[in-house]
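Asker: Pasting a structure below so you can have a look.
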Amino acid sequence: MDFRIHGFDIYWDNINPTELTFMFVNHQKSGDGISIFSHRIGTDYIQYVRTVKSPLLYSPNDVVATSRTTFYATNDMKNVRGFLRKFEILLGMPWGHVVHYGETGVFTKAYNGISYPNGIARSPDGSVIYVAASSEPSVNMFRPKPDGSLELVSKKVFRNFVPDNISVDVATGHLLVAGLLNTFEMFRYNREVLHGTSAQPAASIRRLIPSKSLYKGFTEEEVLVHDGRLLPSTTVAAMQGKGNTGRIILGSVMADHIAICKTDSRKNSKRRASLIWPLR
């Protein structure tokens, strides 16, 4: 199988909690698509189900499953390659969009006009879809409509922080957002890494706590900052454990290892991460 993965998501529900559905953004030679697999807990294999494609899915970055067969996916840019793609990313043009794949097997545009839509996630109850707009930079909160389209209800705009991927803690509904602190240092690292580089793209992890009223947006906390020596930036962070206790797993698209940090959730603590170490 031609398997060149990018973003992915795992879906499960209480109806059949031992069955997991995996959805991967797959950049196949024959065209981009979303490849779907199933896995039964307790077995040692994952079974291929199918790959779905559409002309609307031409630059997919990430996917979030809304059922075992339906999903939303981000198209990060309008231009797939060449000078116009570089132009689009440097100027932060709002030419990306989110697509929806529904129960009828049809792709539709769910929301248009986003500046580099990147990571995508959903709330534990499925009532909210979150999208990181890296070039704005912001995290957008959407309400899904019955026809699959998305209604923008709120957003968190950042200063000196470029969000990449989003994960949601199912116990609390809080978002962990991994992102860059110096985009140009990241570009320099990408350009020089094969021949040796002194670039150290720093990164930060932010926790966004949704307000009870969706229209009031988020409360923001800084969980972790590192200078790039731990990982060449951090493009994904996920909580391992329940609530604000446990460990946060960190990854980077350009790293050959992950890092793990413990969080401090004691009373009067700022719940910042500590005791960080890489695992290869």
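A note on labels: chains of the structure tokens are A, B, ... as shown, every chain counts residues from 1, and ligands are counted from 1 in their shown order.
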What residues in segment 26-273 of chain A get the DSSP label helix (DSSP H, G or I)? Please answer as a PDB file with all heavy atoms, in the first residue's frame.
Answerer:
```
ATOM      1  N   PHE A  83       6.146  28.595  -6.694  1.00  0.00           N
ATOM      2  CA  PHE A  83       6.338  29.934  -6.129  1.00  0.00           C
ATOM      3  C   PHE A  83       5.097  30.452  -5.423  1.00  0.00           C
ATOM      4  O   PHE A  83       5.184  31.091  -4.370  1.00  0.00           O
ATOM      5  CB  PHE A  83       6.747  30.913  -7.238  1.00  0.00           C
ATOM      6  CG  PHE A  83       6.728  32.346  -6.806  1.00  0.00           C
ATOM      7  CD1 PHE A  83       7.750  32.864  -6.014  1.00  0.00           C
ATOM      8  CD2 PHE A  83       5.672  33.178  -7.162  1.00  0.00           C
ATOM      9  CE1 PHE A  83       7.718  34.178  -5.587  1.00  0.00           C
ATOM     10  CE2 PHE A  83       5.641  34.499  -6.741  1.00  0.00           C
ATOM     11  CZ  PHE A  83       6.671  35.001  -5.951  1.00  0.00           C
ATOM     12  N   LEU A  84       3.921  30.190  -5.992  1.00  0.00           N
ATOM     13  CA  LEU A  84       2.701  30.709  -5.396  1.00  0.00           C
ATOM     14  C   LEU A  84       2.445  30.125  -4.005  1.00  0.00           C
ATOM     15  O   LEU A  84       1.869  30.793  -3.140  1.00  0.00           O
ATOM     16  CB  LEU A  84       1.506  30.444  -6.314  1.00  0.00           C
ATOM     17  CG  LEU A  84       1.432  31.299  -7.579  1.00  0.00           C
ATOM     18  CD1 LEU A  84       0.239  30.899  -8.427  1.00  0.00           C
ATOM     19  CD2 LEU A  84       1.361  32.779  -7.221  1.00  0.00           C
ATOM     20  N   ARG A  85       2.878  28.884  -3.783  1.00  0.00           N
ATOM     21  CA  ARG A  85       2.729  28.298  -2.450  1.00  0.00           C
ATOM     22  C   ARG A  85       3.601  29.051  -1.442  1.00  0.00           C
ATOM     23  O   ARG A  85       3.164  29.357  -0.337  1.00  0.00           O
ATOM     24  CB  ARG A  85       3.082  26.811  -2.478  1.00  0.00           C
ATOM     25  CG  ARG A  85       2.837  26.102  -1.144  1.00  0.00           C
ATOM     26  CD  ARG A  85       3.033  24.599  -1.251  1.00  0.00           C
ATOM     27  NE  ARG A  85       2.866  23.935   0.023  1.00  0.00           N
ATOM     28  CZ  ARG A  85       1.707  23.490   0.508  1.00  0.00           C
ATOM     29  NH1 ARG A  85       0.600  23.650  -0.203  1.00  0.00           N
ATOM     30  NH2 ARG A  85       1.641  22.901   1.676  1.00  0.00           N
ATOM     31  N   LYS A  86       4.862  29.352  -1.843  1.00  0.00           N
ATOM     32  CA  LYS A  86       5.745  30.113  -0.954  1.00  0.00           C
ATOM     33  C   LYS A  86       5.177  31.509  -0.710  1.00  0.00           C
ATOM     34  O   LYS A  86       5.222  32.028   0.404  1.00  0.00           O
ATOM     35  CB  LYS A  86       7.144  30.199  -1.565  1.00  0.00           C
ATOM     36  CG  LYS A  86       7.850  28.858  -1.679  1.00  0.00           C
ATOM     37  CD  LYS A  86       9.222  29.009  -2.306  1.00  0.00           C
ATOM     38  CE  LYS A  86       9.915  27.655  -2.429  1.00  0.00           C
ATOM     39  NZ  LYS A  86      11.261  27.782  -3.071  1.00  0.00           N
ATOM     40  N   PHE A  87       4.643  32.122  -1.763  1.00  0.00           N
ATOM     41  CA  PHE A  87       4.030  33.439  -1.649  1.00  0.00           C
ATOM     42  C   PHE A  87       2.859  33.408  -0.666  1.00  0.00           C
ATOM     43  O   PHE A  87       2.712  34.282   0.188  1.00  0.00           O
ATOM     44  CB  PHE A  87       3.563  33.890  -3.038  1.00  0.00           C
ATOM     45  CG  PHE A  87       2.775  35.167  -3.051  1.00  0.00           C
ATOM     46  CD1 PHE A  87       3.414  36.395  -3.089  1.00  0.00           C
ATOM     47  CD2 PHE A  87       1.384  35.130  -3.042  1.00  0.00           C
ATOM     48  CE1 PHE A  87       2.677  37.575  -3.096  1.00  0.00           C
ATOM     49  CE2 PHE A  87       0.640  36.302  -3.056  1.00  0.00           C
ATOM     50  CZ  PHE A  87       1.295  37.535  -3.073  1.00  0.00           C
ATOM     51  N   GLU A  88       2.056  32.366  -0.777  1.00  0.00           N
ATOM     52  CA  GLU A  88       0.869  32.239   0.055  1.00  0.00           C
ATOM     53  C   GLU A  88       1.226  32.098   1.532  1.00  0.00           C
ATOM     54  O   GLU A  88       0.603  32.724   2.397  1.00  0.00           O
ATOM     55  CB  GLU A  88       0.048  31.035  -0.406  1.00  0.00           C
ATOM     56  CG  GLU A  88      -1.276  30.860   0.303  1.00  0.00           C
ATOM     57  CD  GLU A  88      -2.087  29.692  -0.251  1.00  0.00           C
ATOM     58  OE1 GLU A  88      -1.765  29.201  -1.351  1.00  0.00           O
ATOM     59  OE2 GLU A  88      -3.046  29.287   0.435  1.00  0.00           O
ATOM     60  N   ILE A  89       2.259  31.300   1.818  1.00  0.00           N
ATOM     61  CA  ILE A  89       2.609  31.068   3.216  1.00  0.00           C
ATOM     62  C   ILE A  89       3.328  32.268   3.823  1.00  0.00           C
ATOM     63  O   ILE A  89       3.115  32.626   4.986  1.00  0.00           O
ATOM     64  CB  ILE A  89       3.453  29.780   3.367  1.00  0.00           C
ATOM     65  CG1 ILE A  89       3.522  29.373   4.847  1.00  0.00           C
ATOM     66  CG2 ILE A  89       4.848  29.929   2.792  1.00  0.00           C
ATOM     67  CD1 ILE A  89       4.118  28.006   5.074  1.00  0.00           C
ATOM     68  N   LEU A  90       4.156  32.953   3.030  1.00  0.00           N
ATOM     69  CA  LEU A  90       4.891  34.107   3.553  1.00  0.00           C
ATOM     70  C   LEU A  90       3.958  35.277   3.856  1.00  0.00           C
ATOM     71  O   LEU A  90       4.148  36.003   4.836  1.00  0.00           O
ATOM     72  CB  LEU A  90       5.977  34.537   2.567  1.00  0.00           C
ATOM     73  CG  LEU A  90       7.212  33.631   2.488  1.00  0.00           C
ATOM     74  CD1 LEU A  90       8.133  34.080   1.369  1.00  0.00           C
ATOM     75  CD2 LEU A  90       7.964  33.621   3.821  1.00  0.00           C
ATOM     76  N   LEU A  91       2.938  35.457   3.042  1.00  0.00           N
ATOM     77  CA  LEU A  91       2.011  36.566   3.249  1.00  0.00           C
ATOM     78  C   LEU A  91       0.801  36.180   4.097  1.00  0.00           C
ATOM     79  O   LEU A  91      -0.025  37.035   4.419  1.00  0.00           O
ATOM     80  CB  LEU A  91       1.547  37.119   1.900  1.00  0.00           C
ATOM     81  CG  LEU A  91       2.634  37.765   1.033  1.00  0.00           C
ATOM     82  CD1 LEU A  91       2.018  38.394  -0.200  1.00  0.00           C
ATOM     83  CD2 LEU A  91       3.426  38.806   1.821  1.00  0.00           C
ATOM     84  N   THR A 183       9.388  31.404  13.763  1.00  0.00           N
ATOM     85  CA  THR A 183       9.118  30.711  12.500  1.00  0.00           C
ATOM     86  C   THR A 183      10.340  30.697  11.587  1.00  0.00           C
ATOM     87  O   THR A 183      10.639  29.677  10.956  1.00  0.00           O
ATOM     88  CB  THR A 183       7.940  31.385  11.775  1.00  0.00           C
ATOM     89  OG1 THR A 183       6.817  31.436  12.650  1.00  0.00           O
ATOM     90  CG2 THR A 183       7.557  30.596  10.531  1.00  0.00           C
ATOM     91  N   PHE A 184      11.064  31.803  11.507  1.00  0.00           N
ATOM     92  CA  PHE A 184      12.202  31.866  10.592  1.00  0.00           C
ATOM     93  C   PHE A 184      13.341  30.951  11.039  1.00  0.00           C
ATOM     94  O   PHE A 184      14.074  30.417  10.214  1.00  0.00           O
ATOM     95  CB  PHE A 184      12.678  33.312  10.446  1.00  0.00           C
ATOM     96  CG  PHE A 184      11.722  34.180   9.691  1.00  0.00           C
ATOM     97  CD1 PHE A 184      10.889  35.065  10.357  1.00  0.00           C
ATOM     98  CD2 PHE A 184      11.609  34.081   8.310  1.00  0.00           C
ATOM     99  CE1 PHE A 184       9.974  35.847   9.662  1.00  0.00           C
ATOM    100  CE2 PHE A 184      10.706  34.854   7.606  1.00  0.00           C
ATOM    101  CZ  PHE A 184       9.890  35.738   8.280  1.00  0.00           C
ATOM    102  N   GLU A 185      13.478  30.756  12.351  1.00  0.00           N
ATOM    103  CA  GLU A 185      14.470  29.801  12.835  1.00  0.00           C
ATOM    104  C   GLU A 185      14.073  28.383  12.435  1.00  0.00           C
ATOM    105  O   GLU A 185      14.921  27.548  12.120  1.00  0.00           O
ATOM    106  CB  GLU A 185      14.596  29.921  14.356  1.00  0.00           C
ATOM    107  CG  GLU A 185      15.749  29.147  14.960  1.00  0.00           C
ATOM    108  CD  GLU A 185      17.096  29.809  14.775  1.00  0.00           C
ATOM    109  OE1 GLU A 185      17.198  30.780  13.994  1.00  0.00           O
ATOM    110  OE2 GLU A 185      18.063  29.346  15.406  1.00  0.00           O
ATOM    111  N   MET A 186      12.777  28.103  12.411  1.00  0.00           N
ATOM    112  CA  MET A 186      12.281  26.811  11.944  1.00  0.00           C
ATOM    113  C   MET A 186      12.576  26.619  10.464  1.00  0.00           C
ATOM    114  O   MET A 186      13.021  25.545  10.047  1.00  0.00           O
ATOM    115  CB  MET A 186      10.771  26.725  12.190  1.00  0.00           C
ATOM    116  CG  MET A 186      10.128  25.441  11.700  1.00  0.00           C
ATOM    117  SD  MET A 186      10.620  24.016  12.650  1.00  0.00           S
ATOM    118  CE  MET A 186       9.055  23.385  13.160  1.00  0.00           C
ATOM    119  N   PHE A 187      12.353  27.653   9.647  1.00  0.00           N
ATOM    120  CA  PHE A 187      12.673  27.576   8.228  1.00  0.00           C
ATOM    121  C   PHE A 187      14.161  27.317   8.024  1.00  0.00           C
ATOM    122  O   PHE A 187      14.559  26.528   7.155  1.00  0.00           O
ATOM    123  CB  PHE A 187      12.265  28.869   7.516  1.00  0.00           C
ATOM    124  CG  PHE A 187      10.780  29.069   7.391  1.00  0.00           C
ATOM    125  CD1 PHE A 187      10.248  30.340   7.221  1.00  0.00           C
ATOM    126  CD2 PHE A 187       9.908  27.999   7.440  1.00  0.00           C
ATOM    127  CE1 PHE A 187       8.873  30.532   7.100  1.00  0.00           C
ATOM    128  CE2 PHE A 187       8.540  28.168   7.317  1.00  0.00           C
ATOM    129  CZ  PHE A 187       8.022  29.446   7.146  1.00  0.00           C
ATOM    130  N   ARG A 188      15.007  27.981   8.806  1.00  0.00           N
ATOM    131  CA  ARG A 188      16.456  27.798   8.679  1.00  0.00           C
ATOM    132  C   ARG A 188      16.850  26.371   9.060  1.00  0.00           C
ATOM    133  O   ARG A 188      17.696  25.755   8.395  1.00  0.00           O
ATOM    134  CB  ARG A 188      17.196  28.813   9.560  1.00  0.00           C
ATOM    135  CG  ARG A 188      18.719  28.774   9.372  1.00  0.00           C
ATOM    136  CD  ARG A 188      19.370  30.000   9.974  1.00  0.00           C
ATOM    137  NE  ARG A 188      19.470  29.936  11.406  1.00  0.00           N
ATOM    138  CZ  ARG A 188      20.511  29.395  12.052  1.00  0.00           C
ATOM    139  NH1 ARG A 188      21.528  28.856  11.379  1.00  0.00           N
ATOM    140  NH2 ARG A 188      20.558  29.396  13.366  1.00  0.00           N
ATOM    141  N   TYR A 189      16.229  25.836  10.108  1.00  0.00           N
ATOM    142  CA  TYR A 189      16.511  24.460  10.500  1.00  0.00           C
ATOM    143  C   TYR A 189      16.139  23.499   9.372  1.00  0.00           C
ATOM    144  O   TYR A 189      16.914  22.594   9.029  1.00  0.00           O
ATOM    145  CB  TYR A 189      15.734  24.114  11.770  1.00  0.00           C
ATOM    146  CG  TYR A 189      16.013  22.715  12.284  1.00  0.00           C
ATOM    147  CD1 TYR A 189      16.996  22.493  13.235  1.00  0.00           C
ATOM    148  CD2 TYR A 189      15.295  21.608  11.811  1.00  0.00           C
ATOM    149  CE1 TYR A 189      17.269  21.215  13.701  1.00  0.00           C
ATOM    150  CE2 TYR A 189      15.548  20.331  12.272  1.00  0.00           C
ATOM    151  CZ  TYR A 189      16.536  20.140  13.216  1.00  0.00           C
ATOM    152  OH  TYR A 189      16.807  18.869  13.662  1.00  0.00           O
ATOM    153  N   ASN A 190      14.975  23.665   8.781  1.00  0.00           N
ATOM    154  CA  ASN A 190      14.540  22.802   7.676  1.00  0.00           C
ATOM    155  C   ASN A 190      15.521  22.842   6.512  1.00  0.00           C
ATOM    156  O   ASN A 190      15.806  21.820   5.875  1.00  0.00           O
ATOM    157  CB  ASN A 190      13.164  23.238   7.179  1.00  0.00           C
ATOM    158  CG  ASN A 190      12.053  22.847   8.134  1.00  0.00           C
ATOM    159  OD1 ASN A 190      12.245  22.006   8.991  1.00  0.00           O
ATOM    160  ND2 ASN A 190      10.903  23.476   7.999  1.00  0.00           N
ATOM    161  N   ARG A 191      16.027  24.032   6.222  1.00  0.00           N
ATOM    162  CA  ARG A 191      16.915  24.214   5.075  1.00  0.00           C
ATOM    163  C   ARG A 191      18.305  23.629   5.311  1.00  0.00           C
ATOM    164  O   ARG A 191      18.938  23.115   4.392  1.00  0.00           O
ATOM    165  CB  ARG A 191      17.021  25.717   4.767  1.00  0.00           C
ATOM    166  CG  ARG A 191      17.783  26.046   3.494  1.00  0.00           C
ATOM    167  CD  ARG A 191      17.698  27.529   3.168  1.00  0.00           C
ATOM    168  NE  ARG A 191      18.309  28.353   4.215  1.00  0.00           N
ATOM    169  CZ  ARG A 191      17.645  29.140   5.049  1.00  0.00           C
ATOM    170  NH1 ARG A 191      16.315  29.196   4.988  1.00  0.00           N
ATOM    171  NH2 ARG A 191      18.272  29.859   5.963  1.00  0.00           N
ATOM    172  N   GLU A 192      18.788  23.666   6.555  1.00  0.00           N
ATOM    173  CA  GLU A 192      20.183  23.319   6.834  1.00  0.00           C
ATOM    174  C   GLU A 192      20.378  21.979   7.512  1.00  0.00           C
ATOM    175  O   GLU A 192      21.505  21.504   7.613  1.00  0.00           O
ATOM    176  CB  GLU A 192      20.795  24.406   7.728  1.00  0.00           C
ATOM    177  CG  GLU A 192      20.810  25.789   7.120  1.00  0.00           C
ATOM    178  CD  GLU A 192      21.314  26.839   8.105  1.00  0.00           C
ATOM    179  OE1 GLU A 192      21.580  26.476   9.284  1.00  0.00           O
ATOM    180  OE2 GLU A 192      21.465  28.005   7.698  1.00  0.00           O
ATOM    181  N   VAL A 193      19.313  21.330   7.985  1.00  0.00           N
ATOM    182  CA  VAL A 193      19.458  20.189   8.887  1.00  0.00           C
ATOM    183  C   VAL A 193      20.232  19.032   8.273  1.00  0.00           C
ATOM    184  O   VAL A 193      21.010  18.350   8.973  1.00  0.00           O
ATOM    185  CB  VAL A 193      18.071  19.721   9.378  1.00  0.00           C
ATOM    186  CG1 VAL A 193      17.212  19.229   8.222  1.00  0.00           C
ATOM    187  CG2 VAL A 193      18.218  18.641  10.442  1.00  0.00           C
ATOM    188  N   LEU A 194      20.101  18.774   6.983  1.00  0.00           N
ATOM    189  CA  LEU A 194      20.790  17.633   6.369  1.00  0.00           C
ATOM    190  C   LEU A 194      22.298  17.818   6.313  1.00  0.00           C
ATOM    191  O   LEU A 194      23.056  16.833   6.215  1.00  0.00           O
ATOM    192  CB  LEU A 194      20.243  17.389   4.955  1.00  0.00           C
ATOM    193  CG  LEU A 194      18.787  16.920   4.871  1.00  0.00           C
ATOM    194  CD1 LEU A 194      18.366  16.740   3.419  1.00  0.00           C
ATOM    195  CD2 LEU A 194      18.590  15.619   5.655  1.00  0.00           C
ATOM    196  N   HIS A 195      22.754  19.050   6.382  1.00  0.00           N
ATOM    197  CA  HIS A 195      24.189  19.328   6.277  1.00  0.00           C
ATOM    198  C   HIS A 195      24.755  19.894   7.563  1.00  0.00           C
ATOM    199  O   HIS A 195      25.898  20.334   7.603  1.00  0.00           O
ATOM    200  CB  HIS A 195      24.442  20.309   5.122  1.00  0.00           C
ATOM    201  CG  HIS A 195      23.841  19.875   3.821  1.00  0.00           C
ATOM    202  ND1 HIS A 195      24.357  18.824   3.080  1.00  0.00           N
ATOM    203  CD2 HIS A 195      22.751  20.313   3.151  1.00  0.00           C
ATOM    204  CE1 HIS A 195      23.624  18.655   1.997  1.00  0.00           C
ATOM    205  NE2 HIS A 195      22.643  19.540   2.021  1.00  0.00           N
ATOM    206  N   LEU A 214     -19.624  29.495  24.585  1.00  0.00           N
ATOM    207  CA  LEU A 214     -18.691  29.363  23.469  1.00  0.00           C
ATOM    208  C   LEU A 214     -18.247  30.712  22.934  1.00  0.00           C
ATOM    209  O   LEU A 214     -17.107  30.873  22.491  1.00  0.00           O
ATOM    210  CB  LEU A 214     -19.347  28.546  22.351  1.00  0.00           C
ATOM    211  CG  LEU A 214     -19.692  27.088  22.658  1.00  0.00           C
ATOM    212  CD1 LEU A 214     -20.287  26.420  21.428  1.00  0.00           C
ATOM    213  CD2 LEU A 214     -18.474  26.325  23.133  1.00  0.00           C
ATOM    214  N   TYR A 215     -19.129  31.697  22.973  1.00  0.00           N
ATOM    215  CA  TYR A 215     -18.826  32.991  22.380  1.00  0.00           C
ATOM    216  C   TYR A 215     -17.809  33.788  23.191  1.00  0.00           C
ATOM    217  O   TYR A 215     -17.320  34.820  22.722  1.00  0.00           O
ATOM    218  CB  TYR A 215     -20.119  33.801  22.205  1.00  0.00           C
ATOM    219  CG  TYR A 215     -21.063  33.182  21.208  1.00  0.00           C
ATOM    220  CD1 TYR A 215     -22.101  32.354  21.637  1.00  0.00           C
ATOM    221  CD2 TYR A 215     -20.911  33.389  19.845  1.00  0.00           C
ATOM    222  CE1 TYR A 215     -22.964  31.759  20.721  1.00  0.00           C
ATOM    223  CE2 TYR A 215     -21.771  32.804  18.920  1.00  0.00           C
ATOM    224  CZ  TYR A 215     -22.794  31.994  19.365  1.00  0.00           C
ATOM    225  OH  TYR A 215     -23.640  31.406  18.467  1.00  0.00           O
ATOM    226  N   LYS A 216     -17.475  33.328  24.396  1.00  0.00           N
ATOM    227  CA  LYS A 216     -16.482  34.014  25.223  1.00  0.00           C
ATOM    228  C   LYS A 216     -15.080  33.445  25.039  1.00  0.00           C
ATOM    229  O   LYS A 216     -14.136  33.917  25.676  1.00  0.00           O
ATOM    230  CB  LYS A 216     -16.907  33.961  26.690  1.00  0.00           C
ATOM    231  CG  LYS A 216     -18.160  34.762  26.985  1.00  0.00           C
ATOM    232  CD  LYS A 216     -18.487  34.760  28.468  1.00  0.00           C
ATOM    233  CE  LYS A 216     -19.718  35.616  28.752  1.00  0.00           C
ATOM    234  NZ  LYS A 216     -20.066  35.640  30.197  1.00  0.00           N
TER     235      LYS A 216
END
```
Asker: Hey, what's within 10 Å of Glu151 of chain A if we count only C-alpha atoms and toss same-chain stuff fewer than 5 positions away? As a compact mmCIF listing (two decimals) with N, CA and C atoms, in the first residue's frame, please?
Answerer:
```
# COMPACT_ATOMS: atom_id res chain seq x y z
N ALA A 110 -16.63 22.95 4.31
CA ALA A 110 -17.32 23.26 5.56
C ALA A 110 -17.08 24.71 5.98
N TYR A 111 -15.89 25.22 5.70
CA TYR A 111 -15.58 26.61 6.03
C TYR A 111 -14.41 27.05 5.17
N VAL A 128 -18.17 20.80 19.24
CA VAL A 128 -17.29 21.89 18.82
C VAL A 128 -16.13 21.31 18.02
N ILE A 129 -15.74 22.01 16.95
CA ILE A 129 -14.56 21.67 16.16
C ILE A 129 -13.55 22.80 16.34
N MET A 141 -12.77 28.33 17.00
CA MET A 141 -13.79 27.46 17.58
C MET A 141 -15.03 27.49 16.67
N PHE A 142 -15.44 26.31 16.18
CA PHE A 142 -16.58 26.22 15.27
C PHE A 142 -17.68 25.35 15.87
N ARG A 143 -18.92 25.66 15.49
CA ARG A 143 -20.05 24.80 15.82
C ARG A 143 -20.49 24.10 14.54
N PRO A 144 -20.48 22.75 14.50
CA PRO A 144 -20.95 22.04 13.31
C PRO A 144 -22.45 22.20 13.11
N LYS A 145 -22.87 22.39 11.87
CA LYS A 145 -24.28 22.47 11.53
C LYS A 145 -24.75 21.12 10.98
```
Asker: If we count only C-alpha atoms, what is near segment 32-49 of chain A at a cut-off of 6 Å, once residues fewer than 2 positions away on the same chain are taken out, given as a ChimeraX atom specification?
Answerer: /A:18-28,51-53
Asker: Which of segment 10-217 of chain A end up as strand (DSSP E) when DSSP is run on this backbone - answer as an MDAnalysis selection string?
Answerer: chainID A and resid 10:11 19:28 31:40 47:52 60:65 71:75 96:101 107:114 117:122 129:133 138:144 150:157 162:168 175:180 203:210
Asker: So which residues touch Asn140 of chain A within 6 Å, counting only C-alpha atoms, skipping near sequence neighbours fewer than 4 positions away, as a list in words?
Answerer: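 Residues near the query, excluding close chain neighbours: Tyr130, Val131 and Lys155 of chain A.
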Asker: Leaving out Val99 of chain A and any residue of its chain fewer than 3 positions from it, which residues lie within 7 Å of it when counting only C-alpha atoms, given as number ranges by chain?
Answerer: A: 72-74, 107-110
Asker: Please determine, counting only C-alpha atoms, which residue among A:Asn118, A:Asn14, A:Gln200, A:Ser154 has the shortest atom-to-atom distance to Gly217 of chain A.
Answerer: A:Ser154
Asker: Which residue gives the smallest distance to Asp9 of chain A among A:Val63, A:Val139, A:Ala171, A:Ala133, with only C-alpha atoms counted?
Answerer: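 Once distances to Asp9 of chain A are computed over only C-alpha atoms, the minimum belongs to A:Val63.
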